[in-house]
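Heads up: the structure comes next, in structure tokens.
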Amino acid sequence: MTPVDSSEQTPRRSLIVGYGNPYRHDDGAAFYVVNHIRQAAGLQPLDPDDTGEDETGGPIDCIMPTGLTLDLVPLVSSCDLVVFVDTHGVVEAEPFRVQPVEEEHRLQSVTHHLSPGLLIRLVRDMTGAKPKAFLVSVRGYDFDFGDGLTDACSANVLCATARILQMIGKG
Amino acid sequence: MPKYTIEPVTRIEGHAKVTIYTDDAGKVDKALFHVNEWRGFEKFSEGRPFYEMTQITPRICGICPVSHHLASAKACDVIIGARPTRTANLLRELMHMGQIIQSHGMHFFELAGPDLLLGFDADPAIRNVAGIAMANPDLALKAIRLRAFGQEIIRMLGGKRVHPIFAVPGGVNAALTVENRDTILGQINEMIEIVKVGISLAKRWYDANSDTVNKFAVFASGYMGMVDAEGALQLYDGELRLVDRRGTKLEQFPASDYLDYIGEHVEPHTYLKFPFYRKIGWPDGTYRVGPLGRLNVAEKIATPIAQAEFKNYKSINGGKPIEGTLWYHYARLIETIYGLERVRQILEDPDVMSNDVVGEAQNPAREAVGAIEAPRGSLFHHFWVDENGLLTKVNLIVATGHNNAAMSKSVEMVAKAFIDGARPSEGMFNMVEAAIRAHDPCLSCSTHAAGTMPLMIRIVGPDGSVITEHSRG
């Protein structure tokens, strides 16, 4: 498991941004992470078709947008800490990875879905805000069509959730 | 024959491909626009209860779900024989204006804007919304606010910004609150100012690029759009008007009669069908819809700021329909202003606050058509039900489909006008994409039909010659 610096102060306002497809098994791991955190934060869990973007503004916001787009700039810029959550399928990887999100300077020609690094860079370019940002990527195993996670991915989701709760001062 | 392929076409909704064939001298010989995704909503809706269509059809699209939601609701009104109350119609139209504002705003500032503001031949890495955000952060933030405003109207009425739950057969499921009304009203002036910035940018661009505008897919066609009883622009409800290239009225008909006027042609290279005006036939009876089509059929606009711009629009071609494809952008901005002004009109109407939001069911029907002007053009939902209200047949003619012939023609004209086959550049190919993009196509919406799939597999050798070809359909 990736070591994390826990000496940071609890952020005043945190944003958890999950992305992935809950209808493709483990690709939707972030959806489950987001809902676990929503529960811990006293928020209603999301349905698979909901994004949670319509009910933001609390000390901890947990959303599951259909993709990372420019529309997120105002919300991201209003937070001190942003944790992006996705899934990866790297064989023999640890249950989840945590890595800081660095501003990305290479632009993409297709912008229906921005990378976390590009979004963070655009937030700074457009608003001047520089939230601390991390990417938590959960190890997945089955990305075929269908609901629900594999048992192994479900276990990884719980580990990743516990780590994120620590990061936002809820662990 | 050498060929170039542009895939995927970017900054559109959905997936498409363009194939450009050149002769040995490098001149463009022909170009084809392929829509290479396939959905199937018409087919898998069969057997479902009709009232589910207000929730099934919006899943066709995440950009214009409100159009599908409302077109389905209108068809369902007819099936249960209920006329929505005036309040219900005002609230439905209010939600629809929210969608027009967010969709049109996104298209101009985020999808088309990079071409106009950064240049057709700008580095593709910056020729996108991220490039706009870096080049002009204030403009990008304005664009985000405009889109969020339209989405917020949808959310206030239907609970969600995307895929709202609001219209029901015969009306809507909730009244408007005073708080929501006042919140929306309080932001309209700011939003109008944002769109005016867009209009100002567009006008400057047209003035500085008149040569390009005048040779960029300028062609004759028919035009179709909805109008009210006075011939004014309508986006929510009215009759469909078809005019010829000179603006002479060919037809005006209620949506329920659309099959008498519109036929559909199929080509093997694309999943998207080609609607045409039956009396003239395929291909001469093709027409354009969407902002350019609507402003070309309308005689006026019933809101003051949009009407002032409309007069300017009409003066561009001496009162006749505008044929240049790039003028879609100006027409779209005028409609955005109309949407904002119409929101204010609706919210200042005392009836909008009534709780009388559902009409009584009286004379049920087994067949029904619902139509609306979606952001991209005329949208028809046609349902047939059995005695239990289960759907036996569904026909959807979607805005982007009406423009299929126009997009194909635009692609070929722009390829011939701007591509030098001997020295092709990325910027030239982007102009071909821009010809499609100007129509703001939603290919996810338009490829819903099932049946015989016109699938083609072509194997091309290293010298560009076709080695073998298999097709069915």
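If you're wondering about the labels, chains in the structure tokens are A, B, ... by order shown, residues count from 1 in each chain, ligands from 1 in order shown.
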I need the contact residues of chain B against chain A, so if you could list those with any atom within 12 Å, counting only C-alpha atoms, and return them as an MDAnalysis selection string, that would help.
chainID B and resid 7:14 59 62:63 102 106 109:111 114 122:149 151:156 158:164 430
Those selected residues, please, written with C-alpha atoms and delivered as a PDB file, in the first residue's frame.
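This went into result_4.pdb:
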ATOM      1  CA  GLU B   7     -11.477   9.388 -37.435  1.00  0.00           C
ATOM      2  CA  PRO B   8     -12.779  10.226 -34.973  1.00  0.00           C
ATOM      3  CA  VAL B   9     -14.322  13.517 -35.995  1.00  0.00           C
ATOM      4  CA  THR B  10     -13.793  15.654 -32.885  1.00  0.00           C
ATOM      5  CA  ARG B  11     -15.876  18.161 -30.926  1.00  0.00           C
ATOM      6  CA  ILE B  12     -19.189  16.606 -31.929  1.00  0.00           C
ATOM      7  CA  GLU B  13     -21.553  14.421 -29.925  1.00  0.00           C
ATOM      8  CA  GLY B  14     -21.080  10.804 -30.991  1.00  0.00           C
ATOM      9  CA  ARG B  59     -31.103   7.968 -22.351  1.00  0.00           C
ATOM     10  CA  GLY B  62     -26.738  13.239 -22.309  1.00  0.00           C
ATOM     11  CA  ILE B  63     -26.724  16.607 -24.049  1.00  0.00           C
ATOM     12  CA  GLN B 102     -26.962  25.004 -22.078  1.00  0.00           C
ATOM     13  CA  MET B 106     -21.705  24.774 -24.903  1.00  0.00           C
ATOM     14  CA  PHE B 109     -18.010  28.469 -26.671  1.00  0.00           C
ATOM     15  CA  GLU B 110     -16.625  24.963 -26.185  1.00  0.00           C
ATOM     16  CA  LEU B 111     -17.036  23.059 -29.466  1.00  0.00           C
ATOM     17  CA  PRO B 114     -11.837  26.915 -30.656  1.00  0.00           C
ATOM     18  CA  ALA B 122      -4.108  26.126 -34.753  1.00  0.00           C
ATOM     19  CA  ASP B 123      -2.199  23.305 -33.066  1.00  0.00           C
ATOM     20  CA  PRO B 124      -4.837  20.616 -32.388  1.00  0.00           C
ATOM     21  CA  ALA B 125      -3.416  20.248 -28.894  1.00  0.00           C
ATOM     22  CA  ILE B 126      -4.700  23.728 -28.028  1.00  0.00           C
ATOM     23  CA  ARG B 127      -7.572  23.928 -30.518  1.00  0.00           C
ATOM     24  CA  ASN B 128     -10.140  22.821 -27.965  1.00  0.00           C
ATOM     25  CA  VAL B 129     -11.926  24.018 -24.890  1.00  0.00           C
ATOM     26  CA  ALA B 130      -8.774  23.674 -22.805  1.00  0.00           C
ATOM     27  CA  GLY B 131      -7.025  25.970 -25.264  1.00  0.00           C
ATOM     28  CA  ILE B 132      -9.847  28.481 -24.913  1.00  0.00           C
ATOM     29  CA  ALA B 133      -9.570  28.250 -21.147  1.00  0.00           C
ATOM     30  CA  MET B 134      -5.893  29.110 -21.299  1.00  0.00           C
ATOM     31  CA  ALA B 135      -6.162  31.769 -23.991  1.00  0.00           C
ATOM     32  CA  ASN B 136      -9.180  33.488 -22.499  1.00  0.00           C
ATOM     33  CA  PRO B 137      -9.969  32.210 -18.990  1.00  0.00           C
ATOM     34  CA  ASP B 138     -12.607  34.862 -18.398  1.00  0.00           C
ATOM     35  CA  LEU B 139     -14.502  33.826 -21.509  1.00  0.00           C
ATOM     36  CA  ALA B 140     -14.245  30.161 -20.528  1.00  0.00           C
ATOM     37  CA  LEU B 141     -15.631  30.893 -17.075  1.00  0.00           C
ATOM     38  CA  LYS B 142     -18.498  32.835 -18.659  1.00  0.00           C
ATOM     39  CA  ALA B 143     -19.220  29.824 -20.882  1.00  0.00           C
ATOM     40  CA  ILE B 144     -19.278  27.527 -17.861  1.00  0.00           C
ATOM     41  CA  ARG B 145     -21.673  29.890 -16.063  1.00  0.00           C
ATOM     42  CA  LEU B 146     -24.008  30.047 -19.055  1.00  0.00           C
ATOM     43  CA  ARG B 147     -24.136  26.277 -19.374  1.00  0.00           C
ATOM     44  CA  ALA B 148     -24.612  25.853 -15.629  1.00  0.00           C
ATOM     45  CA  PHE B 149     -27.497  28.347 -15.732  1.00  0.00           C
ATOM     46  CA  GLN B 151     -28.623  23.085 -16.459  1.00  0.00           C
ATOM     47  CA  GLU B 152     -29.819  24.615 -13.207  1.00  0.00           C
ATOM     48  CA  ILE B 153     -33.199  25.435 -14.737  1.00  0.00           C
ATOM     49  CA  ILE B 154     -33.502  21.781 -15.711  1.00  0.00           C
ATOM     50  CA  ARG B 155     -32.474  20.649 -12.227  1.00  0.00           C
ATOM     51  CA  MET B 156     -34.870  22.974 -10.437  1.00  0.00           C
ATOM     52  CA  GLY B 158     -36.772  17.942 -12.874  1.00  0.00           C
ATOM     53  CA  GLY B 159     -34.485  17.148  -9.958  1.00  0.00           C
ATOM     54  CA  LYS B 160     -31.417  16.416 -12.103  1.00  0.00           C
ATOM     55  CA  ARG B 161     -29.380  18.371 -14.626  1.00  0.00           C
ATOM     56  CA  VAL B 162     -29.153  15.375 -16.930  1.00  0.00           C
ATOM     57  CA  HIS B 163     -32.031  12.944 -17.468  1.00  0.00           C
ATOM     58  CA  PRO B 164     -34.606  14.880 -15.420  1.00  0.00           C
ATOM     59  CA  ASN B 430      -9.993  20.271 -39.427  1.00  0.00           C
TER      60      ASN B 430
END
If we count only C-alpha atoms and set the cut-off at 9 Å, which residues sit around Ala155 (chain A), ignoring sequence neighbours fewer than 5 positions away in its own chain? Please answer as a PyMOL selection string.
chain A and resi 95+150+160
I'd like to know which residues of region 20-161 of chain A are strand (DSSP E) (by DSSP, run on the backbone); could you write them as a list in words?
Ile60, Asp61, Cys62, Ile63, Leu81, Val82, Val83, Phe84, Val85, Asp86, Thr87, His88, Phe96, Arg97, Val98, Gln99, Pro100, Lys132, Ala133, Phe134, Leu135, Val136, Ser137, Val138 and Arg139 of chain A
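Distances to Gly148 (chain A) were evaluated for A:Gly28, A:Gly57, A:Gly20, A:Pro116 using only C-alpha atoms, and the minimum falls at A:Gly28.
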Could you list, as a list in words, every residue within 9 Å of Ala417 (chain B), counting only C-alpha atoms and ignoring same-chain residues fewer than 5 positions away?
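So, after excluding close chain neighbours, the residues are Val28, Lys215, Phe216, Ala217 and Glu412 of chain B.
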Using only C-alpha atoms, which of the listed residues (B:Gly389, B:Pro375, B:Gly401, B:Gly339) sits closest to Thr286 (chain B)?
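Looking only at the distances to Thr286 (chain B), the closest residue turns out to be B:Gly401.
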To one decimal in Å, tell me the separation between CA of Asp26 (chain A) and CA of Asn156 (chain A).
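Those two atoms sit 10.4 Å apart.
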Taken to one decimal, the CA of Asn296 (chain B)-CA of Met224 (chain B) distance is 8.0 Å
Could you name the residues that touch Ile168 (chain A) at 9 Å or less, counting only C-alpha atoms, but leaving out those on the same chain fewer than 5 positions away, as an mmCIF file with C-alpha atoms, in the first residue's frame?
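That gives us around.cif:
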data_model
loop_
_atom_site.group_PDB
_atom_site.id
_atom_site.type_symbol
_atom_site.label_atom_id
_atom_site.label_comp_id
_atom_site.auth_asym_id
_atom_site.auth_seq_id
_atom_site.Cartn_x
_atom_site.Cartn_y
_atom_site.Cartn_z
ATOM 1 C CA THR A 10 -7.624 18.307 7.957
ATOM 2 C CA PRO A 11 -8.793 20.207 4.880
ATOM 3 C CA ARG A 12 -11.627 22.682 5.335
ATOM 4 C CA ARG A 13 -13.345 21.556 2.189
ATOM 5 C CA SER A 14 -12.741 18.266 0.396
ATOM 6 C CA LEU A 15 -14.001 16.966 -2.892
ATOM 7 C CA ILE A 60 -17.148 17.109 2.011
ATOM 8 C CA LEU A 81 -8.298 18.980 -1.244
ATOM 9 C CA ARG A 163 -7.308 5.607 3.091
#
